[in-house]
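Novice: I have a structure here, written as structure tokens, and I will follow up with some questions on it.
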Amino acid sequence: MTSINIKRGIFMNAYALLFAAIISEVIGSSLLKATDGFRKPLPTLGVVAGYGLAFYALSLTLLTLPLGLTYAVWSGLGTALTAMVGVIVYKEGFDGRKLAGLAMIIAGVILLNVGGAE
Amino acid sequence: MRGYLYLTISILTEVFGTAMLKLSEGFTILLPTLGVAAAYGLSFYCLSLCLKTVPLSLAYAIWSGIGTALTALLGALVWGELFGPLKIAGVLLIIGGVIMLNSSSSKIAGEPEGQ
């Protein structure tokens, strides 16, 4: 009973860590545009901290979740959320072709990462 | 377009860095470890330069998509990793997605000076 609870705790913790890894990647990638070629110190510091935290949280996630699926979810959601930041915060245009293109790339990345064990 | 040149360099250095990551065997071999640091540094620097003209929503998806596809191809060619129908479909989807993104009419939105 206790061991089941502990296992469940680690399991849920892994998803919380994966979520943290995705959010910090999106913060890092979004700030990358604001660095102006790494010339502005504050956004540059944010990029380094964001990606540092993202990879650290991802490595902890991988202690319990499998690599292929974890990397696929992390990279797919990271790309989708970064695109949303681009459209909403940086006011980049959006149309059906862009949505389709993003969906195809994310689906392709997921296939490549989960297709390893066939 | 200079932005796409930076994007290309950024993708190639990312793939090179990932290959070095494998050769570094958990950062225990010096030369590939230095290669990882240099390649990823250059990759992010070029990506930030690319983002001066190419929209974030386009550049990041292309960078991550083509980077993943080339890394998978490299794994198959150099390390003999399996490359089955699912992975072939993945690569085709990414190529189609990049073409679709570049045909998007909002490609130049958020890009004040057309370089």
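Order determines the names: the first chain of the structure tokens is A, the second B, and so forth; residues in each chain are numbered 1 upward, and ligands are numbered 1 upward as they are shown.
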Which residues come within 8 Å of stretch 39-44 of chain B, counting only C-alpha atoms, excluding same-chain residues fewer than 4 positions away, as a PyMOL selection string?
Specialist: chain B and resi 9-14+16-17+35+48
Novice: For the selection you just gave me, I'd like the residues written to a file as a short mmCIF file (atom, residue, chain, number, x, y, z; two decimals), in the first residue's frame, keeping C-alpha atoms.
Specialist:
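And here is the file that came out, again_16.cif:
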data_model
loop_
_atom_site.label_atom_id
_atom_site.label_comp_id
_atom_site.auth_asym_id
_atom_site.auth_seq_id
_atom_site.Cartn_x
_atom_site.Cartn_y
_atom_site.Cartn_z
CA ILE B 9 23.76 27.40 -39.79
CA SER B 10 21.83 27.14 -36.53
CA ILE B 11 20.25 23.81 -37.57
CA LEU B 12 23.52 22.30 -38.87
CA THR B 13 25.46 23.25 -35.72
CA GLU B 14 22.64 21.85 -33.55
CA PHE B 16 26.63 18.52 -35.10
CA GLY B 17 26.31 19.25 -31.36
CA GLY B 35 32.37 20.25 -29.43
CA SER B 48 18.89 34.57 -32.09
#
Novice: Give me the residues near B:Leu21 as a list of chain:residue names, where near means some atom within 10 Å (using only C-alpha atoms) and where sequence neighbours in that chain fewer than 5 positions away do not count.
Specialist: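 My list of contacting residues is B:Val15, B:Phe16, B:Gly26, B:Phe27, B:Ile29, B:Pro32, B:Thr33, B:Leu34, B:Gly35, B:Val36, B:Ala37.
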Novice: Within 8 Å of chain B, which residues of chain A show up? Give each one with its shortest atom-to-atom distance in Å (one decimal) and the two atoms involved, counting only C-alpha atoms, rows by chain then rising residue number, as JSON lines.
Specialist:
{"residue": "A:Ser29", "atom": "CA", "partner": "B:Tyr60", "partner_atom": "CA", "distance": 7.8}
{"residue": "A:Ser30", "atom": "CA", "partner": "B:Leu56", "partner_atom": "CA", "distance": 7.6}
{"residue": "A:Leu32", "atom": "CA", "partner": "B:Ser48", "partner_atom": "CA", "distance": 5.6}
{"residue": "A:Lys33", "atom": "CA", "partner": "B:Leu51", "partner_atom": "CA", "distance": 5.4}
{"residue": "A:Thr35", "atom": "CA", "partner": "B:Ser48", "partner_atom": "CA", "distance": 7.0}
{"residue": "A:Asp36", "atom": "CA", "partner": "B:Ser48", "partner_atom": "CA", "distance": 6.6}
{"residue": "A:Gly37", "atom": "CA", "partner": "B:Leu49", "partner_atom": "CA", "distance": 4.8}
{"residue": "A:Phe38", "atom": "CA", "partner": "B:Tyr45", "partner_atom": "CA", "distance": 6.9}
{"residue": "A:Ser75", "atom": "CA", "partner": "B:Ser64", "partner_atom": "CA", "distance": 7.7}
{"residue": "A:Thr79", "atom": "CA", "partner": "B:Ala61", "partner_atom": "CA", "distance": 5.6}
{"residue": "A:Ala80", "atom": "CA", "partner": "B:Ala61", "partner_atom": "CA", "distance": 7.9}
{"residue": "A:Thr82", "atom": "CA", "partner": "B:Ser57", "partner_atom": "CA", "distance": 6.4}
{"residue": "A:Ala83", "atom": "CA", "partner": "B:Ser57", "partner_atom": "CA", "distance": 3.8}
{"residue": "A:Met84", "atom": "CA", "partner": "B:Ser57", "partner_atom": "CA", "distance": 7.0}
{"residue": "A:Val85", "atom": "CA", "partner": "B:Ser57", "partner_atom": "CA", "distance": 7.5}
{"residue": "A:Gly86", "atom": "CA", "partner": "B:Ser57", "partner_atom": "CA", "distance": 4.9}
{"residue": "A:Val87", "atom": "CA", "partner": "B:Ser57", "partner_atom": "CA", "distance": 6.7}
{"residue": "A:Tyr90", "atom": "CA", "partner": "B:Gly110", "partner_atom": "CA", "distance": 6.8}
{"residue": "A:Lys91", "atom": "CA", "partner": "B:Gly110", "partner_atom": "CA", "distance": 6.0}
{"residue": "A:Glu92", "atom": "CA", "partner": "B:Gly110", "partner_atom": "CA", "distance": 4.7}
{"residue": "A:Gly93", "atom": "CA", "partner": "B:Ser106", "partner_atom": "CA", "distance": 4.6}
{"residue": "A:Phe94", "atom": "CA", "partner": "B:Ser106", "partner_atom": "CA", "distance": 5.8}
{"residue": "A:Asp95", "atom": "CA", "partner": "B:Ser106", "partner_atom": "CA", "distance": 6.7}
{"residue": "A:Gly96", "atom": "CA", "partner": "B:Ser104", "partner_atom": "CA", "distance": 7.9}
{"residue": "A:Arg97", "atom": "CA", "partner": "B:Ser104", "partner_atom": "CA", "distance": 5.2}
{"residue": "A:Lys98", "atom": "CA", "partner": "B:Leu101", "partner_atom": "CA", "distance": 5.0}
{"residue": "A:Ala100", "atom": "CA", "partner": "B:Met100", "partner_atom": "CA", "distance": 7.0}
{"residue": "A:Gly101", "atom": "CA", "partner": "B:Gly97", "partner_atom": "CA", "distance": 3.9}
{"residue": "A:Leu102", "atom": "CA", "partner": "B:Gly97", "partner_atom": "CA", "distance": 6.3}
{"residue": "A:Ala103", "atom": "CA", "partner": "B:Gly97", "partner_atom": "CA", "distance": 7.4}
{"residue": "A:Met104", "atom": "CA", "partner": "B:Gly97", "partner_atom": "CA", "distance": 4.8}
{"residue": "A:Ile105", "atom": "CA", "partner": "B:Ile94", "partner_atom": "CA", "distance": 4.3}
{"residue": "A:Ile106", "atom": "CA", "partner": "B:Gly65", "partner_atom": "CA", "distance": 7.3}
{"residue": "A:Ala107", "atom": "CA", "partner": "B:Gly90", "partner_atom": "CA", "distance": 7.1}
{"residue": "A:Gly108", "atom": "CA", "partner": "B:Gly90", "partner_atom": "CA", "distance": 3.8}
{"residue": "A:Val109", "atom": "CA", "partner": "B:Gly65", "partner_atom": "CA", "distance": 6.1}
{"residue": "A:Ile110", "atom": "CA", "partner": "B:Gly90", "partner_atom": "CA", "distance": 7.5}
{"residue": "A:Leu111", "atom": "CA", "partner": "B:Gly90", "partner_atom": "CA", "distance": 5.0}
{"residue": "A:Leu112", "atom": "CA", "partner": "B:Lys87", "partner_atom": "CA", "distance": 4.8}
{"residue": "A:Gly115", "atom": "CA", "partner": "B:Leu86", "partner_atom": "CA", "distance": 5.3}
{"residue": "A:Gly116", "atom": "CA", "partner": "B:Leu82", "partner_atom": "CA", "distance": 6.8}
{"residue": "A:Glu118", "atom": "CA", "partner": "B:Gly84", "partner_atom": "CA", "distance": 6.9}
Novice: Excluding A:Gly52 and residues on its chain fewer than 3 positions from it, collect all residues at most 10 Å away from it, counting only C-alpha atoms, and give them as a list in words.
Specialist: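 Counting only the stated atoms, we get Ala21, Ser24, Glu25, Gly28, Gly46, Val47, Val48, Ala49, Phe55, Tyr56, Ala57 and Leu58 of chain A.
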Novice: Keeping only C-alpha atoms, take the residues you just selected and write them out as a short mmCIF file (atom, residue, chain, number, x, y, z; two decimals), in the first residue's frame.
Specialist:
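Saved file result09.cif follows:
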data_model
loop_
_atom_site.label_atom_id
_atom_site.label_comp_id
_atom_site.auth_asym_id
_atom_site.auth_seq_id
_atom_site.Cartn_x
_atom_site.Cartn_y
_atom_site.Cartn_z
CA ALA A 21 10.60 21.48 -18.39
CA SER A 24 10.95 26.82 -18.94
CA GLU A 25 11.87 25.83 -22.52
CA GLY A 28 13.88 30.40 -22.97
CA GLY A 46 16.68 34.48 -19.16
CA VAL A 47 17.50 32.24 -22.16
CA VAL A 48 20.38 30.57 -20.30
CA ALA A 49 18.31 30.12 -17.11
CA PHE A 55 17.19 20.38 -19.40
CA TYR A 56 17.61 19.84 -15.65
CA ALA A 57 13.87 19.17 -15.19
CA LEU A 58 13.88 16.98 -18.32
#
Novice: Quick one: distance from atom CA of A:Ile23 to atom CA of A:Leu60 in Å, one decimal?
Specialist: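 One can read the atom CA of A:Ile23 to atom CA of A:Leu60 distance as 15.0 Å.
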Novice: From a backbone DSSP assignment, name each residue in chain A labelled alpha helix (DSSP H), as a PyMOL selection string.
Specialist: chain A and resi 2-34+41-61+67-88+96-114
Novice: Those residues with C-alpha atoms, as a CSV table (one decimal), in the first residue's frame please?
Specialist:
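Result written to result.csv:
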chain,number,residue,atom,x,y,z
A,2,THR,CA,2.7,2.4,1.1
A,3,SER,CA,4.9,1.5,-1.9
A,4,ILE,CA,2.0,2.0,-4.3
A,5,ASN,CA,1.5,5.5,-2.9
A,6,ILE,CA,5.2,6.3,-3.2
A,7,LYS,CA,5.3,5.0,-6.8
A,8,ARG,CA,2.2,7.1,-7.6
A,9,GLY,CA,3.8,10.1,-6.0
A,10,ILE,CA,7.0,9.7,-8.1
A,11,PHE,CA,4.8,9.2,-11.2
A,12,MET,CA,2.8,12.4,-10.7
A,13,ASN,CA,6.0,14.2,-9.8
A,14,ALA,CA,7.4,13.2,-13.2
A,15,TYR,CA,4.5,14.8,-15.0
A,16,ALA,CA,4.9,18.0,-12.9
A,17,LEU,CA,8.6,18.0,-13.8
A,18,LEU,CA,7.8,17.5,-17.5
A,19,PHE,CA,5.4,20.4,-17.3
A,20,ALA,CA,8.1,22.6,-15.7
A,21,ALA,CA,10.6,21.5,-18.4
A,22,ILE,CA,8.2,22.5,-21.1
A,23,ILE,CA,7.3,25.9,-19.6
A,24,SER,CA,10.9,26.8,-18.9
A,25,GLU,CA,11.9,25.8,-22.5
A,26,VAL,CA,9.1,28.1,-23.9
A,27,ILE,CA,10.3,31.0,-21.7
A,28,GLY,CA,13.9,30.4,-23.0
A,29,SER,CA,12.9,30.2,-26.6
A,30,SER,CA,10.5,33.2,-26.4
A,31,LEU,CA,13.2,35.3,-24.8
A,32,LEU,CA,15.7,34.3,-27.5
A,33,LYS,CA,14.0,36.7,-29.9
A,34,ALA,CA,14.2,39.5,-27.3
A,41,PRO,CA,22.0,41.0,-21.0
A,42,LEU,CA,18.6,40.5,-19.2
A,43,PRO,CA,16.9,38.4,-21.9
A,44,THR,CA,20.1,36.6,-22.6
A,45,LEU,CA,20.3,35.6,-18.9
A,46,GLY,CA,16.7,34.5,-19.2
A,47,VAL,CA,17.5,32.2,-22.2
A,48,VAL,CA,20.4,30.6,-20.3
A,49,ALA,CA,18.3,30.1,-17.1
A,50,GLY,CA,15.2,28.9,-19.1
A,51,TYR,CA,17.1,26.2,-21.1
A,52,GLY,CA,19.3,25.3,-18.1
A,53,LEU,CA,16.2,24.7,-16.0
A,54,ALA,CA,14.4,22.9,-18.9
A,55,PHE,CA,17.2,20.4,-19.4
A,56,TYR,CA,17.6,19.8,-15.6
A,57,ALA,CA,13.9,19.2,-15.2
A,58,LEU,CA,13.9,17.0,-18.3
A,59,SER,CA,16.8,14.9,-17.0
A,60,LEU,CA,14.8,14.4,-13.7
A,61,THR,CA,11.7,13.4,-15.7
A,67,LEU,CA,13.0,8.9,-23.4
A,68,GLY,CA,11.2,8.6,-26.7
A,69,LEU,CA,7.7,9.6,-25.6
A,70,THR,CA,9.0,12.2,-23.0
A,71,TYR,CA,11.2,13.9,-25.6
A,72,ALA,CA,8.4,13.9,-28.2
A,73,VAL,CA,5.9,15.5,-25.7
A,74,TRP,CA,8.5,18.0,-24.5
A,75,SER,CA,9.6,19.0,-28.0
A,76,GLY,CA,6.1,19.0,-29.5
A,77,LEU,CA,4.4,21.0,-26.8
A,78,GLY,CA,7.4,23.3,-26.6
A,79,THR,CA,7.2,24.1,-30.3
A,80,ALA,CA,3.4,24.6,-30.3
A,81,LEU,CA,3.6,26.9,-27.2
A,82,THR,CA,6.5,28.9,-28.7
A,83,ALA,CA,4.5,29.4,-31.9
A,84,MET,CA,1.6,30.7,-29.8
A,85,VAL,CA,3.9,33.1,-28.0
A,86,GLY,CA,5.1,34.3,-31.4
A,87,VAL,CA,1.6,34.9,-32.6
A,88,ILE,CA,0.2,36.4,-29.4
A,96,GLY,CA,-4.7,28.1,-41.9
A,97,ARG,CA,-1.4,27.2,-43.7
A,98,LYS,CA,0.7,28.2,-40.7
A,99,LEU,CA,-1.6,26.1,-38.4
A,100,ALA,CA,-1.3,23.1,-40.8
A,101,GLY,CA,2.5,23.5,-41.2
A,102,LEU,CA,3.0,23.6,-37.4
A,103,ALA,CA,0.7,20.6,-36.9
A,104,MET,CA,2.6,18.6,-39.5
A,105,ILE,CA,6.0,19.4,-38.1
A,106,ILE,CA,4.9,18.6,-34.5
A,107,ALA,CA,3.3,15.3,-35.7
A,108,GLY,CA,6.5,14.5,-37.6
A,109,VAL,CA,8.8,15.1,-34.6
A,110,ILE,CA,6.5,12.9,-32.4
A,111,LEU,CA,6.6,10.1,-35.0
A,112,LEU,CA,10.4,10.3,-35.2
A,113,ASN,CA,10.7,10.1,-31.4
A,114,VAL,CA,8.3,7.3,-30.7
Novice: Do you have the atom CA of B:Ser24-atom CA of B:Ala38 distance handy?
Specialist: 13.1 Å
